[in-house]
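Asks: Before anything else, here's the structure in question.
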Amino acid sequence: MPEAITPLIRAPWRRRSRAGAWALAALGLISTGVQARAEDTSIGVYSGRHYNSDQKLYQQFTTQTGIQVKLLEAKDDSLIERLRQEGKNTPADVLVLVDAARLERATSLDLLQPARSATLLRTIPPNLRDSKGRWVALTRRVRVVLVNPALVKATSIRTYGDLANPALKGKVCLRDRKSVYNQSLVASQLLLRGEAQTQSWLKAMTSNVTQPYFSSDIPLIRALAKGQCGVGLVNTYYLARLLNGEAGPADRALARKLQVVFPKPAHVNISGAGITRYAKNPQGALKLIEFLASPVGGKGYAEANHEYPLKGFGDDPILKGMGRFQADGLSAEQLGSRNRDAVKLMEANGWL
Amino acid sequence: MSAPSPQARRPRPGQSLSDSPTEAIRSAGPDRRARALPLLLRSPPEPWPLALAVALVALLALAPLAALALLAVQGEALPSLQLEAQGLSPLAHTLTLVVGVGCAGGLIGTCNGWLTARCQFPGRRWLRLAQLLPLATPSYLLAGTLIDLGSRSGLRIAGPGWAMAILTLGTYSYVVLLSSEAFSRSGARQQEVCRSLAVGPWGSFLRVALPLALPAVTAGVALGAMEVINEFGAVQLLGVPTLSAAILERWQGEGDLPGAVGLALVTLALVALLLWSERQGRSRSRLWAAGQEGASPELWPLEGWRCWLAQLVTLAPPLASLAIPLIWIGSSWDQLPAQAIGDLVALGLRSLALALGATGLTIGAALVLSIGKRLVKAPLVRALADGAALGYAIPGTVLALGFLVLGGGWGLAPLLLLVWGYVDRFLAVAKGGLDTALEGLAPSVDEAAQSLGCNWIALVGRIQLPLLRGPLLVAGVLVFVDTVKELPLTFALRPFDFDTLAVRVYQYASDERLGAALIPALVILLLGLVAAMALMPSLDQQIPDPQALPRRPIPTAKPNP
């Protein structure tokens, strides 16, 4: 090839090879995320909880047992579907989900296997675990009535049913029906009060709501404190976070204006975990679940997010300040089984 | 590849294949010209390897949709498809949003595209670059911070109006980038013709440049509309019951997965129908720029209040998308948790690597489809090429299910699946720009090349790719920015211990910890900005001008100021 032409021909090649180098670099970076599976010394966890404190707890477990924890956090429903589609190929050994209905869905799709553990049977109350041992609860969260005492008398509310009182017209604020916390609450009322009563309660309560529905709890709490609403339904840990000053002093001052009412009986939801059907390391998985359900692990899981442990009311000073509650005693299994009916009923009775 | 037939090499005597220099714009009836010529240049052989490549890309792109169809038919079949108690309200809400966002985004986008491409005012280059910022801000984050800011000052932010505003902000950049690229492409000669016919700036915009850029504008609006249809996070936060919300509720609330997937596929069919009818409507009035514009046009200088107005109009949207998170940070400085820098760097590198890989593959796939559609005349191949980009209209969470079905069955590596997912999802974004650019390139260009003995490989490599340089860059940046902020696929498909920036943002934001979410979000913005900066210098340059090389017929006269 004549000398003069060669550079012309080479130039584009050089450019292309630079592009190739970039692509290779990208691939290299990606592949650092892929690691060969060490069968016995590690377990895979699919988790629907998203708290940094959880990871600290997993590290603690690793130092204690030498078992590495590989973590994938995603939305609960996506995790269930992923597990289902992966079938025998799944790299997950433990499935952690938030909300009773999701755990129930995972068992009805046969994604979990029974854990044979005397420790779990002994430490976990029967209504907080699956009757066949396929999952156990790890923390409890309570959905309470939150009142702005300047607008509504806290003593006028004793049960969730009291939110249907026509005197509260325009004062009730609710989060939308997509919230699983609301869905499980309605499921609990279906179980306790039957379909007809629940329906008339829903109808009356939603007719008290004149403002747009909220899509999250914290703006709802702020609206209550600012007097835009008189009474609302929230999970205790959102309020606890604000009271703890995690969102700044302004929000702490707002939260202090409000009063918590634990309805009698109070609706309790859970986060829980189980061993996957096709776990490669079921022993390691069981060890992790036992650790999380133990006093040490359970405390770590619950306290970081201001949740309640499985028994008693915990040591969290902020939660203690809210007072004690009487749980409705329903099993998470029952709650899960009525979730679908609950959603349909909410939709039919104007809960947006 | 066999050589073209001897006839094809010889142009008919007297038939000029190139356009006369003064004729800058060519308008034709339905392909009359294109049909007249092939009589003589009959059948340059069909580039069958290209057809094969189109089929392969389409197969890969449509496989997840097929997997979804498989999921849907496992259910109780069609009766469960009706929208039950909600009636038609999700459909009505979605249509309202699509129309509202389409009109507002089209208007702002075209306006800002024209201002930044063809007018001259202080700060224009920076403002042009800034138009990409809103695209890099995830809509759910914008909605979340806005709601949070509102709730502190006692203002309820909810409802379709706010959703429309936020989604317009999140999608108008598509229109800006595609249209401004189209505006830049029309060169000095077009301006000259306008001036010689005493057409002023407004006339030149409305009567010449806009009709020529219309395909680009509609492509941008179509991308925006598809994004509105698949958008879930922001509309859910703002409490607007759209179709995608109904789809997800069917699955996650009622546990009816087949019903949800069925609903998604019905939506997809509607979108396909809309896109098809739009294309049919436009095919009757196709306009071609001659494609060989010479020197870049002079920019219209704006002065006085016009300059102020132009600056305001181009500054407002990027400012809004940047200011909302920044105001949030400013008002709650004390809540920003200390972030481990190492962690942030790892997240950023993963996002960057995934986005680079996905962008390269997406551009490659889109090129195959766009060029294949132009060169291969078989109707089946063209239909495949158009259908392959439909994945964008499905809510990402549902599309992810299709990939889970594919990957689960074969035990594919999650990362492979994830990149495949990105390519599938953003194929439409890349292809939209390339298609409109190719559409604006007169068929005579291809015919000229083929008559001079170019086979299809040379035609693509020496003529089309150089002419497509600008659109390719624009497409690359759009896909890159979209991939970095992509959430549902990344969330559902990534492997263990492989969080990205967008994942981290969402995890915190969905748990109502906005403070922790904002730092990774700012890194996403930064990556988007860097990508935009890589793009901008080359946008202002002109595309290579084949005529400018050895034989330039008439030197262009300098237009009168």
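Order determines the names: the first chain of the structure tokens is A, the second B, and so forth; residues in each chain are numbered 1 upward, and ligands are numbered 1 upward as they are shown.
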Name the residues in contact with segment 102-112 of chain A at a cut-off of 9 Å, using only C-alpha atoms, excluding same-chain residues fewer than 5 positions from it; report them as a ChimeraX atom specification.
Replies: /A:76-77,80,83-84,87,94-97,130,134-135,271-279,332-337 /B:255
Asks: Tell me, counting only C-alpha atoms, for each residue of chain B within 8 Å of chain A, which pair of atoms is nearest and how far apart they are in Å to one decimal, in rows ordered by chain and increasing number, as CSV.
Replies:
residue,atom,partner,partner_atom,distance
B:Ala85,CA,A:Ala348,CA,6.5
B:Gln86,CA,A:Glu347,CA,7.9
B:Ile147,CA,A:Pro219,CA,7.5
B:Asp148,CA,A:Pro219,CA,6.4
B:Ser151,CA,A:Pro219,CA,5.4
B:Arg152,CA,A:Arg222,CA,6.7
B:Gly154,CA,A:Ala223,CA,6.7
B:Ala158,CA,A:Pro212,CA,7.3
B:Gln236,CA,A:Ser215,CA,7.0
B:Leu237,CA,A:Ser215,CA,5.2
B:Leu238,CA,A:Ser215,CA,6.9
B:Gly239,CA,A:Ser215,CA,6.4
B:Glu249,CA,A:Lys178,CA,7.2
B:Gln252,CA,A:Asp77,CA,6.4
B:Gly253,CA,A:Val343,CA,6.5
B:Glu254,CA,A:Arg340,CA,5.1
B:Gly255,CA,A:Arg340,CA,7.2
B:Ser332,CA,A:Gly248,CA,7.0
B:Asp334,CA,A:Gly248,CA,6.6
B:Gln335,CA,A:Ala247,CA,5.8
B:Leu349,CA,A:Leu29,CA,7.5
B:Arg350,CA,A:Ile30,CA,6.6
B:Ala353,CA,A:Ala26,CA,4.7
B:Leu354,CA,A:Ile30,CA,6.8
B:Leu356,CA,A:Ala26,CA,6.8
B:Gly357,CA,A:Ala26,CA,6.3
B:Thr397,CA,A:Ser78,CA,7.9
B:Leu401,CA,A:Glu81,CA,7.3
B:Leu404,CA,A:Gln85,CA,5.9
B:Val405,CA,A:Gln85,CA,5.5
B:Gly407,CA,A:Glu86,CA,7.3
B:Gly408,CA,A:Glu86,CA,3.9
B:Gly409,CA,A:Glu86,CA,6.6
B:Gly411,CA,A:Asn89,CA,6.0
B:Leu415,CA,A:Ile30,CA,7.9
B:Phe491,CA,A:Ala74,CA,5.8
B:Ala492,CA,A:Ser78,CA,5.9
B:Arg494,CA,A:Leu72,CA,8.0
B:Pro495,CA,A:Leu72,CA,6.9
B:Phe496,CA,A:Leu72,CA,4.8
B:Asp497,CA,A:Leu71,CA,5.4
B:Phe498,CA,A:Gly33,CA,6.3
B:Gln507,CA,A:His50,CA,6.0
B:Tyr508,CA,A:His50,CA,7.4
B:Asp511,CA,A:His50,CA,7.4
B:Glu512,CA,A:Ile218,CA,7.2
Asks: Excluding Pro138 of chain B and any residue of its chain fewer than 4 positions from it, enumerate the residues within 9 Å of it, using only C-alpha atoms, and give them as a short mmCIF file (atom, residue, chain, number, x, y, z; two decimals) with N, CA and C atoms, in the first residue's frame.
Replies:
data_model
loop_
_atom_site.label_atom_id
_atom_site.label_comp_id
_atom_site.auth_asym_id
_atom_site.auth_seq_id
_atom_site.Cartn_x
_atom_site.Cartn_y
_atom_site.Cartn_z
N PRO B 134 -33.76 19.06 32.32
CA PRO B 134 -35.03 18.52 32.81
C PRO B 134 -35.19 17.05 32.50
N LEU B 142 -38.94 14.78 41.15
CA LEU B 142 -39.47 16.13 41.04
C LEU B 142 -40.83 16.21 41.75
N ALA B 143 -41.68 15.22 41.47
CA ALA B 143 -43.00 15.20 42.10
C ALA B 143 -42.85 15.09 43.62
N GLY B 170 -40.59 17.01 32.15
CA GLY B 170 -39.76 15.83 32.00
C GLY B 170 -39.63 15.34 30.57
N ALA B 234 -44.52 9.38 39.24
CA ALA B 234 -44.99 10.74 39.48
C ALA B 234 -46.51 10.81 39.55
N LYS B 485 -31.23 7.37 34.41
CA LYS B 485 -32.30 7.59 35.39
C LYS B 485 -33.36 6.48 35.35
N GLU B 486 -33.16 5.49 34.47
CA GLU B 486 -34.16 4.42 34.35
C GLU B 486 -34.34 3.72 35.68
N ALA B 502 -30.06 5.58 40.30
CA ALA B 502 -31.51 5.72 40.25
C ALA B 502 -32.18 4.82 41.28
N ALA B 521 -29.36 11.79 43.31
CA ALA B 521 -30.11 12.43 42.22
C ALA B 521 -29.28 13.54 41.58
N ILE B 524 -26.93 12.07 39.19
CA ILE B 524 -27.61 11.76 37.91
C ILE B 524 -27.65 13.01 37.04
#
Asks: Extract, using only C-alpha atoms, all DNA, RNA and protein residues at most 7 Å from segment 264-281 of chain B, discarding same-chain residues fewer than 6 positions from it, and format them as an MDAnalysis selection string.
Replies: chainID B and resid 247 393:394
Asks: Could you check how far atom CA of Val193 of chain B sits from atom CA of Ala209 of chain B, in Å to one decimal?
Replies: 11.8 Å
Asks: Just want the 9 Å neighbourhood of Leu68 of chain B, counted on only C-alpha atoms, with same-chain residues fewer than 2 positions away dropped. Output as a VMD selection string.
Replies: chain B and resid 63 to 66 70 to 73 258 261 to 262 265 398 to 399 401 to 403 405
Asks: Rounded to one decimal place, report the atom CA of Val231 of chain A-atom CA of Asn148 of chain A distance in Å.
Replies: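 Computed distance, atom CA of Val231 of chain A to atom CA of Asn148 of chain A, equals 6.3 Å.
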Asks: Contacts of Asp328 of chain A at 9 Å or less, counting only C-alpha atoms, minus same-chain residues fewer than 4 places along, as a list in words?
Replies: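 Skipping anything fewer than 4 positions along the chain leaves Ser188, Leu192, Lys264, Pro265, Ala266, His267 and Val268 of chain A.
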Asks: Just how far from atom CA of Leu258 of chain A is atom CA of Thr155 of chain A, in Å to one decimal?
Replies: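 Here the two named atoms are 13.4 Å from each other.
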Asks: Going by DSSP on the backbone, which residues of segment 323-391 of chain B come out as alpha helix (DSSP H)? List them as a VMD selection string.
Replies: chain B and resid 323 to 331 341 to 375 379 to 387
Asks: Considering only C-alpha atoms, return as a short mmCIF file (atom, residue, chain, number, x, y, z; two decimals) with C-alpha atoms, in the first residue's frame whatever protein or nucleic-acid residues lie within 9 Å of Leu361 of chain B, sequence-local ones (same chain, fewer than 4 positions apart) excluded.
Replies:
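Produced file around17.cif, reproduced below:
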data_model
loop_
_atom_site.label_atom_id
_atom_site.label_comp_id
_atom_site.auth_asym_id
_atom_site.auth_seq_id
_atom_site.Cartn_x
_atom_site.Cartn_y
_atom_site.Cartn_z
CA LEU B 356 -22.53 3.48 28.14
CA GLY B 357 -23.00 -0.16 27.22
CA ALA B 365 -29.89 -1.59 16.98
CA ALA B 366 -31.73 1.61 16.07
CA VAL B 419 -28.84 -4.36 29.19
CA TRP B 420 -31.17 -6.15 26.81
CA VAL B 423 -32.01 -1.52 24.63
#
